Amino acid sequence: MDNRFNYEIAARDGRARAGIFHTPHGDLLTPLFAPVGTQATVKSVTPAQLKELHASLILANTYHLYLRPGDELIANLGGLHTFMHWDRPILTDSGGFQVFSLADNRKIDPDGVTFKSHIDGSTHRITPEKSIAIQENLGADIIMAFDECGSPYDFAKNEAAMERTHAWATRCVNAKTRSDQALFGIIQGGIYPQLRQRSAEYLTALDLPGYAIGGLSVGETKNETLSTLELVDTWLPEDKPRYLMGVGSPEDLITGVQRGVDIFDCVLPTRLARHHAAITRTGRLNLANAKYKSEKSPIDASCACYTCMNFSSAYIRHLILAQEILGATLLTIHNLYVLLSLMYDIRQAIIEGHFDQFAADFMKHWESAS
Ligand SMILES: [Zn+2]
């Protein structure tokens, strides 16, 4: 395998790991949180602002970019890095999750999925080979195998979705032609340990450069999520990064890292910002609230982000009520800063060997406020 995707573990603390994942667009220091840029843009902030926030990896959505503006157009314009002016690592998902959650009239068969676009109703078909072809046109550093996510409490459906995911992962490996992209497999199996174990064993036998844990945060309880993560952690190779898809509340980052997860992504910080909400290390605040009308202090006086260093809560509330775009931008900068700086602090605590204490202190503040 191409050694440009080596993963080195710099420090361990319990099951938590601090690592370095090498990619063609730079090293990723893990554990990390990846902001989501669904449409090849992290909503309401510029790439320059993302760099000031020290964002390293961003995620873009294959399904959306395939439908609009089209992956071939993006390839002709130099690929996703050039198109969106982001020269650091990018991850694209396989398109599977959006096909199953957004598209109309989808029909799944052993070969792939046929569906209608949620934008204009046109008919499309994505197979494992097509998903890889689209992701090769987009040109992200990390690409994902096309998978099917089961429903949390149905063993038979989970087993079928897992078997299909395995067959499709092998087809993705065979379809892949670019050596400058790392293909991650996705472990399925719902909340069922025996399925998760089979899935981990099948996919690790493919010797992929990284593994995602899929099919979580889809309706199961928090305890079921955590016990699944604990089991999967024991079956995955130590020297490959583990990616928990679509998870990103501060609490989830802490509990995920405690169970050996290295990479997270979530729309939460950017979506909450557009709904007037600020994330802090002790919970959420709604900046549209009347109590901020003449509040001189920032969102969080202990936060060192651009927003909190320069703007009062009263000003942000004014921007929200006046429907000014800057309101969403300032809240996005703050929310991303909170998650990215939390991950930085988590990594430091792992390296310094006191992550358990850090996590216990964090949870004490988090629970007392919520
Ligand atoms: Zn802030």
# chains A, B, ... in the order shown; residues from 1 in each chain; ligands from 1
>>> residues_near_ligand(ligand="ligand 1", cutoff="10 Å", atoms="only C-alpha atoms and all ligand atoms", output="PDB file with all heavy atoms, in the first residue's frame")
ATOM      1  N   ALA A 278     -25.254  28.905  20.011  1.00  0.00           N
ATOM      2  CA  ALA A 278     -23.820  28.818  20.270  1.00  0.00           C
ATOM      3  C   ALA A 278     -23.550  27.571  21.108  1.00  0.00           C
ATOM      4  O   ALA A 278     -24.270  27.280  22.057  1.00  0.00           O
ATOM      5  CB  ALA A 278     -23.342  30.056  21.003  1.00  0.00           C
ATOM      6  N   ILE A 279     -22.476  26.853  20.722  1.00  0.00           N
ATOM      7  CA  ILE A 279     -22.021  25.714  21.519  1.00  0.00           C
ATOM      8  C   ILE A 279     -20.984  26.238  22.506  1.00  0.00           C
ATOM      9  O   ILE A 279     -20.133  27.052  22.137  1.00  0.00           O
ATOM     10  CB  ILE A 279     -21.343  24.657  20.619  1.00  0.00           C
ATOM     11  CG1 ILE A 279     -22.305  24.152  19.543  1.00  0.00           C
ATOM     12  CG2 ILE A 279     -20.810  23.492  21.449  1.00  0.00           C
ATOM     13  CD1 ILE A 279     -21.632  23.268  18.498  1.00  0.00           C
ATOM     14  N   THR A 280     -21.068  25.810  23.761  1.00  0.00           N
ATOM     15  CA  THR A 280     -19.982  26.098  24.703  1.00  0.00           C
ATOM     16  C   THR A 280     -19.591  24.767  25.343  1.00  0.00           C
ATOM     17  O   THR A 280     -20.263  23.742  25.121  1.00  0.00           O
ATOM     18  CB  THR A 280     -20.393  27.077  25.820  1.00  0.00           C
ATOM     19  OG1 THR A 280     -21.255  26.389  26.726  1.00  0.00           O
ATOM     20  CG2 THR A 280     -21.105  28.304  25.255  1.00  0.00           C
ATOM     21  N   PRO A 298     -19.207  38.899  25.671  1.00  0.00           N
ATOM     22  CA  PRO A 298     -19.289  38.013  24.497  1.00  0.00           C
ATOM     23  C   PRO A 298     -20.066  36.741  24.826  1.00  0.00           C
ATOM     24  O   PRO A 298     -20.511  36.540  25.962  1.00  0.00           O
ATOM     25  CB  PRO A 298     -17.828  37.709  24.201  1.00  0.00           C
ATOM     26  CG  PRO A 298     -17.133  37.848  25.511  1.00  0.00           C
ATOM     27  CD  PRO A 298     -17.871  38.923  26.268  1.00  0.00           C
ATOM     28  N   ILE A 299     -20.195  35.847  23.831  1.00  0.00           N
ATOM     29  CA  ILE A 299     -20.896  34.572  24.033  1.00  0.00           C
ATOM     30  C   ILE A 299     -20.282  33.841  25.232  1.00  0.00           C
ATOM     31  O   ILE A 299     -20.989  33.340  26.090  1.00  0.00           O
ATOM     32  CB  ILE A 299     -20.777  33.679  22.766  1.00  0.00           C
ATOM     33  CG1 ILE A 299     -21.433  34.342  21.564  1.00  0.00           C
ATOM     34  CG2 ILE A 299     -21.375  32.296  23.029  1.00  0.00           C
ATOM     35  CD1 ILE A 299     -21.100  33.672  20.234  1.00  0.00           C
ATOM     36  N   ASP A 300     -18.941  33.774  25.247  1.00  0.00           N
ATOM     37  CA  ASP A 300     -18.238  33.081  26.329  1.00  0.00           C
ATOM     38  C   ASP A 300     -16.957  33.867  26.637  1.00  0.00           C
ATOM     39  O   ASP A 300     -16.051  33.929  25.803  1.00  0.00           O
ATOM     40  CB  ASP A 300     -17.901  31.652  25.876  1.00  0.00           C
ATOM     41  CG  ASP A 300     -17.159  30.861  26.955  1.00  0.00           C
ATOM     42  OD1 ASP A 300     -16.737  31.465  27.967  1.00  0.00           O
ATOM     43  OD2 ASP A 300     -16.996  29.643  26.763  1.00  0.00           O
ATOM     44  N   ALA A 301     -16.930  34.486  27.808  1.00  0.00           N
ATOM     45  CA  ALA A 301     -15.798  35.359  28.165  1.00  0.00           C
ATOM     46  C   ALA A 301     -14.482  34.580  28.221  1.00  0.00           C
ATOM     47  O   ALA A 301     -13.407  35.161  28.111  1.00  0.00           O
ATOM     48  CB  ALA A 301     -16.068  36.035  29.502  1.00  0.00           C
ATOM     49  N   SER A 302     -14.563  33.245  28.357  1.00  0.00           N
ATOM     50  CA  SER A 302     -13.321  32.463  28.427  1.00  0.00           C
ATOM     51  C   SER A 302     -12.887  31.945  27.052  1.00  0.00           C
ATOM     52  O   SER A 302     -11.879  31.246  26.936  1.00  0.00           O
ATOM     53  CB  SER A 302     -13.503  31.280  29.383  1.00  0.00           C
ATOM     54  OG  SER A 302     -14.433  30.363  28.837  1.00  0.00           O
ATOM     55  N   CYS A 303     -13.663  32.280  25.998  1.00  0.00           N
ATOM     56  CA  CYS A 303     -13.363  31.778  24.650  1.00  0.00           C
ATOM     57  C   CYS A 303     -12.446  32.761  23.924  1.00  0.00           C
ATOM     58  O   CYS A 303     -12.660  33.971  23.981  1.00  0.00           O
ATOM     59  CB  CYS A 303     -14.667  31.584  23.873  1.00  0.00           C
ATOM     60  SG  CYS A 303     -14.430  31.013  22.177  1.00  0.00           S
ATOM     61  N   ALA A 304     -11.430  32.229  23.229  1.00  0.00           N
ATOM     62  CA  ALA A 304     -10.452  33.087  22.547  1.00  0.00           C
ATOM     63  C   ALA A 304     -10.718  33.185  21.048  1.00  0.00           C
ATOM     64  O   ALA A 304      -9.833  33.564  20.282  1.00  0.00           O
ATOM     65  CB  ALA A 304      -9.051  32.547  22.794  1.00  0.00           C
ATOM     66  N   CYS A 305     -11.926  32.871  20.595  1.00  0.00           N
ATOM     67  CA  CYS A 305     -12.199  32.938  19.155  1.00  0.00           C
ATOM     68  C   CYS A 305     -12.366  34.392  18.708  1.00  0.00           C
ATOM     69  O   CYS A 305     -12.574  35.293  19.530  1.00  0.00           O
ATOM     70  CB  CYS A 305     -13.435  32.117  18.803  1.00  0.00           C
ATOM     71  SG  CYS A 305     -15.017  32.951  19.036  1.00  0.00           S
ATOM     72  N   TYR A 306     -12.307  34.625  17.403  1.00  0.00           N
ATOM     73  CA  TYR A 306     -12.439  35.969  16.825  1.00  0.00           C
ATOM     74  C   TYR A 306     -13.752  36.614  17.262  1.00  0.00           C
ATOM     75  O   TYR A 306     -13.807  37.798  17.603  1.00  0.00           O
ATOM     76  CB  TYR A 306     -12.376  35.853  15.297  1.00  0.00           C
ATOM     77  CG  TYR A 306     -12.739  37.116  14.561  1.00  0.00           C
ATOM     78  CD1 TYR A 306     -11.838  38.174  14.475  1.00  0.00           C
ATOM     79  CD2 TYR A 306     -13.989  37.250  13.943  1.00  0.00           C
ATOM     80  CE1 TYR A 306     -12.182  39.343  13.796  1.00  0.00           C
ATOM     81  CE2 TYR A 306     -14.334  38.405  13.268  1.00  0.00           C
ATOM     82  CZ  TYR A 306     -13.424  39.459  13.194  1.00  0.00           C
ATOM     83  OH  TYR A 306     -13.764  40.606  12.533  1.00  0.00           O
ATOM     84  N   THR A 307     -14.825  35.834  17.283  1.00  0.00           N
ATOM     85  CA  THR A 307     -16.137  36.363  17.650  1.00  0.00           C
ATOM     86  C   THR A 307     -16.144  36.835  19.104  1.00  0.00           C
ATOM     87  O   THR A 307     -16.552  37.965  19.403  1.00  0.00           O
ATOM     88  CB  THR A 307     -17.211  35.275  17.422  1.00  0.00           C
ATOM     89  OG1 THR A 307     -17.167  34.888  16.047  1.00  0.00           O
ATOM     90  CG2 THR A 307     -18.600  35.767  17.774  1.00  0.00           C
ATOM     91  N   CYS A 308     -15.690  35.986  20.003  1.00  0.00           N
ATOM     92  CA  CYS A 308     -15.739  36.331  21.438  1.00  0.00           C
ATOM     93  C   CYS A 308     -14.718  37.400  21.808  1.00  0.00           C
ATOM     94  O   CYS A 308     -14.921  38.136  22.774  1.00  0.00           O
ATOM     95  CB  CYS A 308     -15.540  35.075  22.287  1.00  0.00           C
ATOM     96  SG  CYS A 308     -16.939  33.933  22.140  1.00  0.00           S
ATOM     97  N   MET A 309     -13.637  37.514  21.038  1.00  0.00           N
ATOM     98  CA  MET A 309     -12.630  38.532  21.337  1.00  0.00           C
ATOM     99  C   MET A 309     -13.099  39.929  20.917  1.00  0.00           C
ATOM    100  O   MET A 309     -12.553  40.926  21.377  1.00  0.00           O
ATOM    101  CB  MET A 309     -11.314  38.223  20.598  1.00  0.00           C
ATOM    102  CG  MET A 309     -10.630  36.936  21.021  1.00  0.00           C
ATOM    103  SD  MET A 309     -10.064  36.963  22.736  1.00  0.00           S
ATOM    104  CE  MET A 309      -8.552  37.895  22.552  1.00  0.00           C
ATOM    105  N   ASN A 310     -14.097  40.008  20.031  1.00  0.00           N
ATOM    106  CA  ASN A 310     -14.415  41.304  19.418  1.00  0.00           C
ATOM    107  C   ASN A 310     -15.874  41.744  19.477  1.00  0.00           C
ATOM    108  O   ASN A 310     -16.167  42.910  19.194  1.00  0.00           O
ATOM    109  CB  ASN A 310     -13.974  41.286  17.946  1.00  0.00           C
ATOM    110  CG  ASN A 310     -12.474  41.156  17.810  1.00  0.00           C
ATOM    111  OD1 ASN A 310     -11.738  42.081  18.130  1.00  0.00           O
ATOM    112  ND2 ASN A 310     -12.016  39.996  17.374  1.00  0.00           N
ATOM    113  N   PHE A 311     -16.805  40.853  19.784  1.00  0.00           N
ATOM    114  CA  PHE A 311     -18.224  41.213  19.647  1.00  0.00           C
ATOM    115  C   PHE A 311     -19.025  40.856  20.891  1.00  0.00           C
ATOM    116  O   PHE A 311     -18.815  39.804  21.499  1.00  0.00           O
ATOM    117  CB  PHE A 311     -18.832  40.502  18.432  1.00  0.00           C
ATOM    118  CG  PHE A 311     -18.119  40.809  17.148  1.00  0.00           C
ATOM    119  CD1 PHE A 311     -17.128  39.957  16.673  1.00  0.00           C
ATOM    120  CD2 PHE A 311     -18.410  41.966  16.434  1.00  0.00           C
ATOM    121  CE1 PHE A 311     -16.446  40.249  15.496  1.00  0.00           C
ATOM    122  CE2 PHE A 311     -17.727  42.258  15.255  1.00  0.00           C
ATOM    123  CZ  PHE A 311     -16.745  41.404  14.779  1.00  0.00           C
ATOM    124  N   LEU A 330     -20.415  34.790  12.363  1.00  0.00           N
ATOM    125  CA  LEU A 330     -19.762  34.923  13.678  1.00  0.00           C
ATOM    126  C   LEU A 330     -20.080  33.728  14.583  1.00  0.00           C
ATOM    127  O   LEU A 330     -19.206  33.247  15.311  1.00  0.00           O
ATOM    128  CB  LEU A 330     -20.181  36.235  14.359  1.00  0.00           C
ATOM    129  CG  LEU A 330     -19.671  37.509  13.683  1.00  0.00           C
ATOM    130  CD1 LEU A 330     -20.161  38.743  14.443  1.00  0.00           C
ATOM    131  CD2 LEU A 330     -18.144  37.526  13.580  1.00  0.00           C
ATOM    132  N   LEU A 331     -21.318  33.240  14.525  1.00  0.00           N
ATOM    133  CA  LEU A 331     -21.664  32.063  15.346  1.00  0.00           C
ATOM    134  C   LEU A 331     -20.954  30.803  14.835  1.00  0.00           C
ATOM    135  O   LEU A 331     -20.528  29.960  15.620  1.00  0.00           O
ATOM    136  CB  LEU A 331     -23.184  31.856  15.357  1.00  0.00           C
ATOM    137  CG  LEU A 331     -23.945  32.717  16.372  1.00  0.00           C
ATOM    138  CD1 LEU A 331     -25.445  32.654  16.109  1.00  0.00           C
ATOM    139  CD2 LEU A 331     -23.649  32.270  17.800  1.00  0.00           C
ATOM    140  N   THR A 332     -20.814  30.682  13.513  1.00  0.00           N
ATOM    141  CA  THR A 332     -20.098  29.528  12.949  1.00  0.00           C
ATOM    142  C   THR A 332     -18.640  29.545  13.389  1.00  0.00           C
ATOM    143  O   THR A 332     -18.079  28.510  13.787  1.00  0.00           O
ATOM    144  CB  THR A 332     -20.202  29.522  11.409  1.00  0.00           C
ATOM    145  OG1 THR A 332     -21.579  29.439  11.051  1.00  0.00           O
ATOM    146  CG2 THR A 332     -19.450  28.350  10.803  1.00  0.00           C
ATOM    147  N   ILE A 333     -18.014  30.727  13.323  1.00  0.00           N
ATOM    148  CA  ILE A 333     -16.609  30.839  13.758  1.00  0.00           C
ATOM    149  C   ILE A 333     -16.490  30.407  15.221  1.00  0.00           C
ATOM    150  O   ILE A 333     -15.609  29.614  15.573  1.00  0.00           O
ATOM    151  CB  ILE A 333     -16.101  32.288  13.547  1.00  0.00           C
ATOM    152  CG1 ILE A 333     -15.893  32.538  12.050  1.00  0.00           C
ATOM    153  CG2 ILE A 333     -14.819  32.542  14.337  1.00  0.00           C
ATOM    154  CD1 ILE A 333     -15.597  33.983  11.690  1.00  0.00           C
ATOM    155  N   HIS A 334     -17.399  30.889  16.049  1.00  0.00           N
ATOM    156  CA  HIS A 334     -17.341  30.503  17.470  1.00  0.00           C
ATOM    157  C   HIS A 334     -17.561  28.995  17.645  1.00  0.00           C
ATOM    158  O   HIS A 334     -16.786  28.323  18.340  1.00  0.00           O
ATOM    159  CB  HIS A 334     -18.376  31.282  18.286  1.00  0.00           C
ATOM    160  CG  HIS A 334     -18.571  30.704  19.654  1.00  0.00           C
ATOM    161  ND1 HIS A 334     -17.721  30.971  20.702  1.00  0.00           N
ATOM    162  CD2 HIS A 334     -19.478  29.804  20.126  1.00  0.00           C
ATOM    163  CE1 HIS A 334     -18.106  30.274  21.760  1.00  0.00           C
ATOM    164  NE2 HIS A 334     -19.165  29.563  21.436  1.00  0.00           N
ATOM    165  N   ASN A 335     -18.606  28.460  17.025  1.00  0.00           N
ATOM    166  CA  ASN A 335     -18.924  27.035  17.223  1.00  0.00           C
ATOM    167  C   ASN A 335     -17.793  26.126  16.739  1.00  0.00           C
ATOM    168  O   ASN A 335     -17.444  25.136  17.396  1.00  0.00           O
ATOM    169  CB  ASN A 335     -20.225  26.669  16.514  1.00  0.00           C
ATOM    170  CG  ASN A 335     -21.453  27.194  17.259  1.00  0.00           C
ATOM    171  OD1 ASN A 335     -21.345  27.660  18.392  1.00  0.00           O
ATOM    172  ND2 ASN A 335     -22.609  27.123  16.615  1.00  0.00           N
ATOM    173  N   LEU A 336     -17.228  26.448  15.569  1.00  0.00           N
ATOM    174  CA  LEU A 336     -16.123  25.624  15.071  1.00  0.00           C
ATOM    175  C   LEU A 336     -14.915  25.750  15.986  1.00  0.00           C
ATOM    176  O   LEU A 336     -14.219  24.770  16.263  1.00  0.00           O
ATOM    177  CB  LEU A 336     -15.756  26.018  13.630  1.00  0.00           C
ATOM    178  CG  LEU A 336     -16.758  25.584  12.562  1.00  0.00           C
ATOM    179  CD1 LEU A 336     -16.318  26.107  11.192  1.00  0.00           C
ATOM    180  CD2 LEU A 336     -16.906  24.064  12.509  1.00  0.00           C
ATOM    181  N   TYR A 337     -14.666  26.966  16.476  1.00  0.00           N
ATOM    182  CA  TYR A 337     -13.534  27.161  17.394  1.00  0.00           C
ATOM    183  C   TYR A 337     -13.692  26.286  18.640  1.00  0.00           C
ATOM    184  O   TYR A 337     -12.729  25.671  19.101  1.00  0.00           O
ATOM    185  CB  TYR A 337     -13.419  28.638  17.786  1.00  0.00           C
ATOM    186  CG  TYR A 337     -12.247  28.924  18.693  1.00  0.00           C
ATOM    187  CD1 TYR A 337     -11.014  29.269  18.164  1.00  0.00           C
ATOM    188  CD2 TYR A 337     -12.371  28.828  20.083  1.00  0.00           C
ATOM    189  CE1 TYR A 337      -9.923  29.511  18.990  1.00  0.00           C
ATOM    190  CE2 TYR A 337     -11.288  29.059  20.915  1.00  0.00           C
ATOM    191  CZ  TYR A 337     -10.069  29.403  20.364  1.00  0.00           C
ATOM    192  OH  TYR A 337      -9.001  29.635  21.190  1.00  0.00           O
ATOM    193  N   VAL A 338     -14.908  26.231  19.171  1.00  0.00           N
ATOM    194  CA  VAL A 338     -15.139  25.439  20.390  1.00  0.00           C
ATOM    195  C   VAL A 338     -14.789  23.970  20.141  1.00  0.00           C
ATOM    196  O   VAL A 338     -14.067  23.343  20.928  1.00  0.00           O
ATOM    197  CB  VAL A 338     -16.601  25.581  20.872  1.00  0.00           C
ATOM    198  CG1 VAL A 338     -16.915  24.569  21.969  1.00  0.00           C
ATOM    199  CG2 VAL A 338     -16.845  26.999  21.374  1.00  0.00           C
TER     200      VAL A 338
END
>>> closest_atom_pairs(of="range 203-250 of chain A", to="range 27-34 of chain A", cutoff="10 Å", atoms="only C-alpha atoms", output="CSV")
residue,atom,partner,partner_atom,distance
A:Pro241,CA,A:Thr30,CA,8.5
A:Arg242,CA,A:Pro31,CA,9.5
A:Tyr243,CA,A:Pro31,CA,9.5
A:Gly246,CA,A:Ala34,CA,9.8
A:Val247,CA,A:Phe33,CA,9.3
A:Gly248,CA,A:Phe33,CA,7.4
>>> residues_around(residues="Pro35 in chain A", least_positions_apart="5", cutoff="9 Å", atoms="only C-alpha atoms", output="list in words")
Val42, Leu50, Ala55, Ser56, Leu57, Ile58, Leu59, Phe264, Asp265, Cys266, Val267, Leu268, Pro269, Thr270, Leu336 and Leu340 of chain A
>>> closest_residue(among="A:Arg178, A:Lys240, A:His22, A:His166", to="Arg196 in chain A", atoms="only C-alpha atoms")
A:His166
>>> closest_residue(among="A:Arg317, A:His25, A:Arg88, A:His276", to="Lys51 in chain A", atoms="only C-alpha atoms")
A:Arg88
>>> residues_around(residues="range 72-80 of chain A", least_positions_apart="6", cutoff="10 Å", atoms="only C-alpha atoms", output="VMD selection string")
chain A and resid 40 60 65 to 66 86 to 87 90 92 133 to 140
>>> write_last_selection(atoms="all heavy atoms", output="CSV table (one decimal), in the first residue's frame")
chain,number,residue,atom,x,y,z
A,40,ALA,N,-19.3,21.7,-1.1
A,40,ALA,CA,-18.0,22.2,-1.4
A,40,ALA,C,-17.8,23.6,-0.8
A,40,ALA,O,-17.1,24.5,-1.3
A,40,ALA,CB,-17.6,22.2,-2.9
A,60,ALA,N,-16.7,16.8,2.2
A,60,ALA,CA,-17.7,17.2,1.2
A,60,ALA,C,-18.6,16.0,0.8
A,60,ALA,O,-18.1,14.9,1.0
A,60,ALA,CB,-17.0,17.8,0.0
A,65,LEU,N,-22.6,16.9,-4.8
A,65,LEU,CA,-21.7,17.4,-5.8
A,65,LEU,C,-21.8,16.7,-7.1
A,65,LEU,O,-21.6,17.2,-8.2
A,65,LEU,CB,-20.2,17.4,-5.3
A,65,LEU,CG,-20.0,18.3,-4.1
A,65,LEU,CD1,-18.6,18.1,-3.6
A,65,LEU,CD2,-20.3,19.7,-4.4
A,66,TYR,N,-22.2,15.4,-7.0
A,66,TYR,CA,-22.5,14.6,-8.3
A,66,TYR,C,-23.7,15.2,-9.0
A,66,TYR,O,-23.7,15.4,-10.2
A,66,TYR,CB,-22.7,13.1,-7.9
A,66,TYR,CG,-23.6,12.3,-8.9
A,66,TYR,CD1,-23.0,11.9,-10.1
A,66,TYR,CD2,-24.9,12.0,-8.6
A,66,TYR,CE1,-23.8,11.2,-11.0
A,66,TYR,CE2,-25.6,11.2,-9.5
A,66,TYR,CZ,-25.1,10.9,-10.7
A,66,TYR,OH,-25.8,10.2,-11.6
A,86,TRP,N,-9.2,24.9,-1.3
A,86,TRP,CA,-8.8,24.3,0.0
A,86,TRP,C,-7.6,23.4,-0.2
A,86,TRP,O,-7.8,22.4,-0.9
A,86,TRP,CB,-10.0,23.6,0.6
A,86,TRP,CG,-9.7,23.0,2.0
A,86,TRP,CD1,-9.5,21.7,2.3
A,86,TRP,CD2,-9.5,23.7,3.2
A,86,TRP,NE1,-9.2,21.5,3.6
A,86,TRP,CE2,-9.2,22.7,4.2
A,86,TRP,CE3,-9.6,25.1,3.6
A,86,TRP,CZ2,-9.0,23.1,5.6
A,86,TRP,CZ3,-9.4,25.4,4.9
A,86,TRP,CH2,-9.2,24.4,5.9
A,87,ASP,N,-6.4,23.8,0.2
A,87,ASP,CA,-5.2,23.0,-0.1
A,87,ASP,C,-4.9,22.0,1.0
A,87,ASP,O,-3.8,21.4,1.0
A,87,ASP,CB,-4.1,23.9,-0.5
A,87,ASP,CG,-3.7,24.9,0.6
A,87,ASP,OD1,-4.2,24.8,1.7
A,87,ASP,OD2,-2.8,25.8,0.4
A,90,ILE,N,-9.1,16.8,2.3
A,90,ILE,CA,-10.6,16.7,2.1
A,90,ILE,C,-11.0,15.2,2.2
A,90,ILE,O,-10.2,14.3,1.7
A,90,ILE,CB,-11.0,17.3,0.8
A,90,ILE,CG1,-10.6,18.7,0.6
A,90,ILE,CG2,-12.5,17.1,0.6
A,90,ILE,CD1,-11.0,19.4,-0.7
A,92,THR,N,-14.3,12.8,1.1
A,92,THR,CA,-15.7,12.7,0.6
A,92,THR,C,-16.4,11.4,1.1
A,92,THR,O,-15.7,10.4,1.2
A,92,THR,CB,-15.7,12.7,-1.0
A,92,THR,OG1,-14.8,11.8,-1.5
A,92,THR,CG2,-15.4,14.1,-1.5
A,133,ALA,N,-15.8,6.2,-9.1
A,133,ALA,CA,-15.5,7.1,-10.2
A,133,ALA,C,-15.8,8.6,-9.9
A,133,ALA,O,-15.1,9.5,-10.2
A,133,ALA,CB,-16.3,6.7,-11.4
A,134,ILE,N,-17.0,8.8,-9.2
A,134,ILE,CA,-17.3,10.2,-8.8
A,134,ILE,C,-16.3,10.7,-7.8
A,134,ILE,O,-15.8,11.8,-8.0
A,134,ILE,CB,-18.7,10.2,-8.2
A,134,ILE,CG1,-19.8,9.8,-9.1
A,134,ILE,CG2,-19.0,11.7,-7.7
A,134,ILE,CD1,-21.2,9.5,-8.4
A,135,GLN,N,-15.9,9.9,-6.8
A,135,GLN,CA,-15.0,10.4,-5.8
A,135,GLN,C,-13.6,10.6,-6.4
A,135,GLN,O,-12.8,11.4,-6.0
A,135,GLN,CB,-14.9,9.4,-4.6
A,135,GLN,CG,-16.3,9.4,-3.9
A,135,GLN,CD,-16.2,8.5,-2.6
A,135,GLN,OE1,-15.6,9.0,-1.6
A,135,GLN,NE2,-16.6,7.3,-2.7
A,136,GLU,N,-13.2,9.8,-7.5
A,136,GLU,CA,-11.9,10.0,-8.1
A,136,GLU,C,-12.0,11.3,-8.9
A,136,GLU,O,-11.0,12.1,-9.0
A,136,GLU,CB,-11.6,8.8,-9.0
A,136,GLU,CG,-11.3,7.6,-8.2
A,136,GLU,CD,-10.6,6.5,-9.0
A,136,GLU,OE1,-10.6,6.5,-10.2
A,136,GLU,OE2,-9.9,5.6,-8.3
A,137,ASN,N,-13.1,11.7,-9.5
A,137,ASN,CA,-13.3,13.0,-10.2
A,137,ASN,C,-13.2,14.1,-9.2
A,137,ASN,O,-12.6,15.2,-9.5
A,137,ASN,CB,-14.6,13.1,-10.9
A,137,ASN,CG,-14.6,12.4,-12.3
A,137,ASN,OD1,-13.5,12.4,-12.9
A,137,ASN,ND2,-15.7,12.0,-12.8
A,138,LEU,N,-13.7,13.9,-8.0
A,138,LEU,CA,-13.7,15.0,-7.0
A,138,LEU,C,-12.3,15.1,-6.5
A,138,LEU,O,-11.8,16.3,-6.2
A,138,LEU,CB,-14.7,14.7,-5.9
A,138,LEU,CG,-16.2,14.7,-6.3
A,138,LEU,CD1,-17.0,14.3,-5.1
A,138,LEU,CD2,-16.6,16.1,-6.8
A,139,GLY,N,-11.6,14.0,-6.2
A,139,GLY,CA,-10.2,14.1,-5.9
A,139,GLY,C,-9.8,14.3,-4.4
A,139,GLY,O,-8.7,14.8,-4.1
A,140,ALA,N,-10.7,13.9,-3.5
A,140,ALA,CA,-10.4,14.1,-2.1
A,140,ALA,C,-9.3,13.1,-1.7
A,140,ALA,O,-9.0,12.2,-2.3
A,140,ALA,CB,-11.7,13.8,-1.2
>>> closest_residue(among="A:Glu295, A:Asp104, A:Glu324, A:Asp13", to="Lys116 in chain A", atoms="only C-alpha atoms")
A:Asp104
>>> select_by_dssp(residues="range 164-272 of chain A", states="helix (DSSP H, G or I)", output="ChimeraX atom specification")
/A:164-175,193-204,222-235,250-258,268-272
>>> closest_residue(among="A:Leu253, A:Cys172, A:Ala200, A:Ala145", to="Gly185 in chain A", atoms="only C-alpha atoms")
A:Ala145
>>> closest_residue(among="A:Thr114, A:Thr46, A:Thr228, A:Thr170", to="Leu208 in chain A", atoms="only C-alpha atoms")
A:Thr170
>>> residues_around(residues="Lys222 in chain A", least_positions_apart="4", cutoff="12 Å", atoms="only C-alpha atoms", output="list in words")
Ile191, Leu216, Ser217, Val218, Leu226, Ser227, Thr228, Leu229, Val247, Glu251, Asp252, Thr255 and Gly256 of chain A
>>> select_by_dssp(residues="range 75-317 of chain A", states="strand (DSSP E or B)", output="PyMOL selection string")
chain A and resi 90-92+104-109+112-116+123-126+142-144+182-187+210-213+242-244+263-266+277-280+283-286
>>> atom_distance(atom1="CA of Asn158 in chain A", atom2="CA of Gly215 in chain A")
9.3 Å
>>> residues_around(residues="Leu206 in chain A", least_positions_apart="3", cutoff="12 Å", atoms="only C-alpha atoms", output="number ranges by chain")
A: 1, 145, 166-167, 169-174, 183-186, 199-203, 209-211, 237
>>> residues_around(residues="Gly95 in chain A", least_positions_apart="3", cutoff="12 Å", atoms="only C-alpha atoms", output="PyMOL selection string")
chain A and resi 38+60-67+91-92+98-103+112-113+115+125-128+130-135+143-149
>>> closest_residue(among="A:Pro110, A:Thr225, A:Asp262, A:Pro89", to="Tyr7 in chain A", atoms="only C-alpha atoms")
A:Asp262
